[in-house]
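**Q** One structure follows; several queries about it will come next.
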Amino acid sequence: MDLTLSELGKKSAYLTQYDSTLLFPIPRLLKRQELGITGKPQFKGVDIWSAFEISWLNQKGKPEVRIGLFEIDAASENLIESKSFKLYLNSFNNTPFDDESQVKSIMQNDLSKAVNGVVNVQLIKLKDYAQRVENCFSGQSLDDLDVEITEYVTNPDYLAADSQEIVEETLTSDLLKSNCLVTEQPDWGSVLIYYQGNKIDHEGLLKYIISFRNHNEFHEQCVERIFTDIMQKCKPQKLLVYARYTRRGGLDINPLRCNFNDNGALREIRLARQ
């Protein structure tokens, strides 16, 4: 996959006539192989996209606006590069459609083909948008721990577990920052880690999260790296890693990975920075 073929980091034309070819899929396997994942991953999950710049024209030329929620199954073959997603959504702006159901059907079909997997699309009128906004994730925040870190290179060796103590914990941090794989522009996020198993060293986990500060990877890849490193180093029986990233270009991306069936409740919240 040659990422120079994408629109990332380039001056792009603002196209307002519907064009499905603007979507730029990226195989998930490329980065998963770096993590030693060659077969079926030990996790499942979803990439939750919120889109706040969705509009099209009805058959009389009157604009319609919606908020979009897109859930892309982590088992899909590809992820979607975010700038291409923005350009794709903008291509609806001056295109007339019969009704919302037609737009939804087109989006679901295009995205499912691009990722080669399951995609769920919701288009929500502003008055009906009811996601719950929280200041931060619920759980035990690690951010007040007095840790020292001098090198911002992802290092799984920060992670360790106490073999003598079995716990169930939800740990959170608002200090996650990584950079776009192509442009190196900053991506700011909050992360929640729920697990059952040997107690994970909190200071080491916080240092590990902070070590992503200069790391160049897409949101989805960072979350899969965190999940895989924790599983390998700490070996919990249950693990869920969920990151909510701040919005860029009217889109935010919120990957969730777990090795059990989550109840979906975490997907319904938004955080203060979003």
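To be explicit about the labels: the chains of the structure tokens are called A, B, and onward in the order shown, and within each one the residues are counted from 1, while ligands get numbers from 1 in the order they are shown.
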Would you mind writing down, as an NGL selection string, each residue of segment 7-54 of chain A that DSSP on the backbone assigns to strand (DSSP E)?
**A** :A and (25-27 or 44-54)
**Q** Could you give me, as a tab-separated table, a per-residue list for segment 182-256 of chain A showing, wherever an atom lies at most 10 Å from an atom of segment 126-138 of chain A, the closest pair of atoms and their distance in Å to one decimal, using only C-alpha atoms and sorting by chain then residue number from low to high?
**A**
```
residue	atom	partner	partner_atom	distance
A:Ser190	CA	A:Phe137	CA	7.8
A:Val191	CA	A:Phe137	CA	7.9
A:Leu192	CA	A:Phe137	CA	6.8
A:Tyr242	CA	A:Phe137	CA	10.0
A:Ala243	CA	A:Phe137	CA	9.8
A:Arg244	CA	A:Phe137	CA	9.4
```
**Q** Excluding same-chain residues fewer than 5 positions from Glu71 of chain A, what lies within 9 Å of it counting only C-alpha atoms, as a PyMOL selection string?
**A** chain A and resi 46-50+118-122
**Q** Suppose we keep C-alpha atoms; can you now write the selection as a tab-separated table (two decimals), in the first residue's frame?
**A**
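Final file, result_11.tsv:
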```
chain	number	residue	atom	x	y	z
A	46	VAL	CA	-15.33	-1.59	16.02
A	47	ASP	CA	-14.13	1.75	14.71
A	48	ILE	CA	-16.73	4.36	15.63
A	49	TRP	CA	-16.70	7.47	13.45
A	50	SER	CA	-18.72	10.59	14.23
A	118	VAL	CA	-19.63	-4.89	7.89
A	119	VAL	CA	-20.49	-1.19	8.30
A	120	ASN	CA	-23.42	0.27	10.22
A	121	VAL	CA	-24.57	3.77	9.20
A	122	GLN	CA	-26.82	6.12	11.15
```
**Q** Please produce, as a tab-separated table, a per-residue contact table for segment 83-157 of chain A versus segment 163-173 of chain A (criterion: any atom at most 12 Å away, only C-alpha atoms considered), showing the nearest atom pair and its distance in Å to one decimal, sorted by chain then residue number.
**A**
```
residue	atom	partner	partner_atom	distance
A:Cys136	CA	A:Thr172	CA	8.6
A:Phe137	CA	A:Thr172	CA	6.6
A:Ser138	CA	A:Thr172	CA	7.6
A:Gly139	CA	A:Thr170	CA	5.0
A:Gln140	CA	A:Leu171	CA	4.8
A:Ser141	CA	A:Thr172	CA	4.7
A:Leu142	CA	A:Ser173	CA	5.7
A:Asp143	CA	A:Ser173	CA	5.8
A:Asp144	CA	A:Ser173	CA	9.5
A:Leu145	CA	A:Ser173	CA	10.6
```
**Q** Would you mind exporting C-alpha atoms of the selected residues as an mmCIF file, in the first residue's frame?
**A**
```
data_model
loop_
_atom_site.group_PDB
_atom_site.id
_atom_site.type_symbol
_atom_site.label_atom_id
_atom_site.label_comp_id
_atom_site.auth_asym_id
_atom_site.auth_seq_id
_atom_site.Cartn_x
_atom_site.Cartn_y
_atom_site.Cartn_z
ATOM 1 C CA CYS A 136 -13.851 12.182 30.945
ATOM 2 C CA PHE A 137 -14.062 8.412 30.981
ATOM 3 C CA SER A 138 -15.409 6.795 34.148
ATOM 4 C CA GLY A 139 -12.765 4.785 35.930
ATOM 5 C CA GLN A 140 -9.539 5.263 37.852
ATOM 6 C CA SER A 141 -7.467 7.975 36.193
ATOM 7 C CA LEU A 142 -3.732 7.361 35.990
ATOM 8 C CA ASP A 143 -2.902 10.961 35.155
ATOM 9 C CA ASP A 144 -2.002 12.184 38.656
ATOM 10 C CA LEU A 145 0.739 9.583 39.061
#
```
**Q** Nearest to Asp229 of chain A among A:Met107, A:Val115, A:Leu266, A:Ile37, with distances taken over only C-alpha atoms: which residue is it?
**A**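 Nearest candidate to Asp229 of chain A out of A:Met107, A:Val115, A:Leu266, A:Ile37: A:Ile37.
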**Q** Measuring between only C-alpha atoms, which one of A:Glu184, A:Asp252, A:Glu224, A:Asp19 shows the shortest distance to Leu35 of chain A?
**A**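 The shortest atom-to-atom distance to Leu35 of chain A comes from A:Glu224.
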**Q** Just want the 8 Å neighbourhood of Glu77 of chain A, counted on only C-alpha atoms, with same-chain residues fewer than 4 positions away dropped. Output as a compact mmCIF listing (two decimals) with C-alpha atoms, in the first residue's frame.
**A**
```
# COMPACT_ATOMS: atom_id res chain seq x y z
CA PRO A 27 -5.35 -2.94 4.51
CA ARG A 28 -5.37 -3.59 8.25
CA LEU A 29 -2.97 -6.50 7.76
CA VAL A 115 -13.54 -1.88 3.86
CA ASN A 116 -14.69 -5.28 2.60
CA GLY A 117 -16.65 -5.84 5.78
```
**Q** Go ahead and compute the interatomic distance for atom CA of Asp162 of chain A and atom CA of Leu239 of chain A, in Å to one decimal.
**A** 16.0 Å
**Q** At a cut-off of 12 Å, can you tabulate as JSON lines every residue of segment 122-228 of chain A near segment 94-102 of chain A together with its closest atom pair and the distance in Å to one decimal, using only C-alpha atoms and ordering rows by chain then number?
**A**
```
{"residue": "A:Gln122", "atom": "CA", "partner": "A:Ser101", "partner_atom": "CA", "distance": 10.1}
{"residue": "A:Leu123", "atom": "CA", "partner": "A:Glu100", "partner_atom": "CA", "distance": 7.8}
{"residue": "A:Ile124", "atom": "CA", "partner": "A:Glu100", "partner_atom": "CA", "distance": 9.7}
{"residue": "A:Lys125", "atom": "CA", "partner": "A:Glu100", "partner_atom": "CA", "distance": 10.3}
```
**Q** Include N, CA and C atoms and write out the residues we just selected as a compact mmCIF listing (two decimals), in the first residue's frame.
**A**
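Full text of part-v7.txt as output:
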```txt
# COMPACT_ATOMS: atom_id res chain seq x y z
N GLN A 122 -25.68 5.38 10.62
CA GLN A 122 -26.82 6.12 11.15
C GLN A 122 -26.70 7.57 10.71
N LEU A 123 -27.80 8.14 10.21
CA LEU A 123 -27.87 9.56 9.89
C LEU A 123 -28.91 10.16 10.82
N ILE A 124 -28.49 11.12 11.64
CA ILE A 124 -29.31 11.60 12.74
C ILE A 124 -29.61 13.09 12.57
N LYS A 125 -30.88 13.44 12.67
CA LYS A 125 -31.23 14.86 12.68
C LYS A 125 -30.69 15.51 13.95
```
**Q** Can you pull out the residues contacting Lys86 of chain A? Cut-off 12 Å, using only C-alpha atoms, and skip same-chain residues under 4 positions away; I want them as a ChimeraX atom specification.
**A** /A:7-8,12-16,19-20,22-24,49-55,68,80-82,90-93,247-253
**Q** Kindly save the residues from that selection, with C-alpha atoms included, as a PDB file, in the first residue's frame.
**A**
```pdb
ATOM      1  CA  GLU A   7      -4.755  12.820  -0.422  1.00  0.00           C
ATOM      2  CA  LEU A   8      -3.076  13.072   2.986  1.00  0.00           C
ATOM      3  CA  SER A  12      -7.117  18.722  -2.392  1.00  0.00           C
ATOM      4  CA  ALA A  13      -9.920  19.914  -4.621  1.00  0.00           C
ATOM      5  CA  TYR A  14     -13.239  20.475  -2.854  1.00  0.00           C
ATOM      6  CA  LEU A  15     -15.583  18.220  -4.823  1.00  0.00           C
ATOM      7  CA  THR A  16     -19.300  18.622  -4.153  1.00  0.00           C
ATOM      8  CA  ASP A  19     -17.988  10.389  -5.946  1.00  0.00           C
ATOM      9  CA  SER A  20     -17.490   7.009  -4.276  1.00  0.00           C
ATOM     10  CA  LEU A  22     -12.709   9.282  -3.184  1.00  0.00           C
ATOM     11  CA  LEU A  23     -12.621   6.627  -0.439  1.00  0.00           C
ATOM     12  CA  PHE A  24      -9.065   5.360   0.158  1.00  0.00           C
ATOM     13  CA  TRP A  49     -16.696   7.466  13.448  1.00  0.00           C
ATOM     14  CA  SER A  50     -18.722  10.594  14.232  1.00  0.00           C
ATOM     15  CA  ALA A  51     -19.255  12.960  11.293  1.00  0.00           C
ATOM     16  CA  PHE A  52     -20.573  16.476  11.864  1.00  0.00           C
ATOM     17  CA  GLU A  53     -20.372  17.850   8.320  1.00  0.00           C
ATOM     18  CA  ILE A  54     -22.925  15.827   6.363  1.00  0.00           C
ATOM     19  CA  SER A  55     -25.231  17.552   3.908  1.00  0.00           C
ATOM     20  CA  GLY A  68     -23.466  10.660  10.952  1.00  0.00           C
ATOM     21  CA  ILE A  80     -10.605   4.074   5.669  1.00  0.00           C
ATOM     22  CA  GLU A  81      -8.040   6.885   5.531  1.00  0.00           C
ATOM     23  CA  SER A  82      -9.706   9.815   7.286  1.00  0.00           C
ATOM     24  CA  ASN A  90     -18.221  16.455   1.150  1.00  0.00           C
ATOM     25  CA  SER A  91     -18.965  15.080  -2.309  1.00  0.00           C
ATOM     26  CA  PHE A  92     -22.615  14.726  -1.261  1.00  0.00           C
ATOM     27  CA  ASN A  93     -22.984  18.458  -0.560  1.00  0.00           C
ATOM     28  CA  ARG A 247     -12.223  15.850  16.024  1.00  0.00           C
ATOM     29  CA  ARG A 248     -10.370  16.784  12.859  1.00  0.00           C
ATOM     30  CA  GLY A 249     -12.082  18.029   9.706  1.00  0.00           C
ATOM     31  CA  GLY A 250     -15.528  17.356  11.158  1.00  0.00           C
ATOM     32  CA  LEU A 251     -14.665  13.715  11.960  1.00  0.00           C
ATOM     33  CA  ASP A 252     -13.603  11.892  15.070  1.00  0.00           C
ATOM     34  CA  ILE A 253     -12.426   8.268  15.197  1.00  0.00           C
TER      35      ILE A 253
END
```
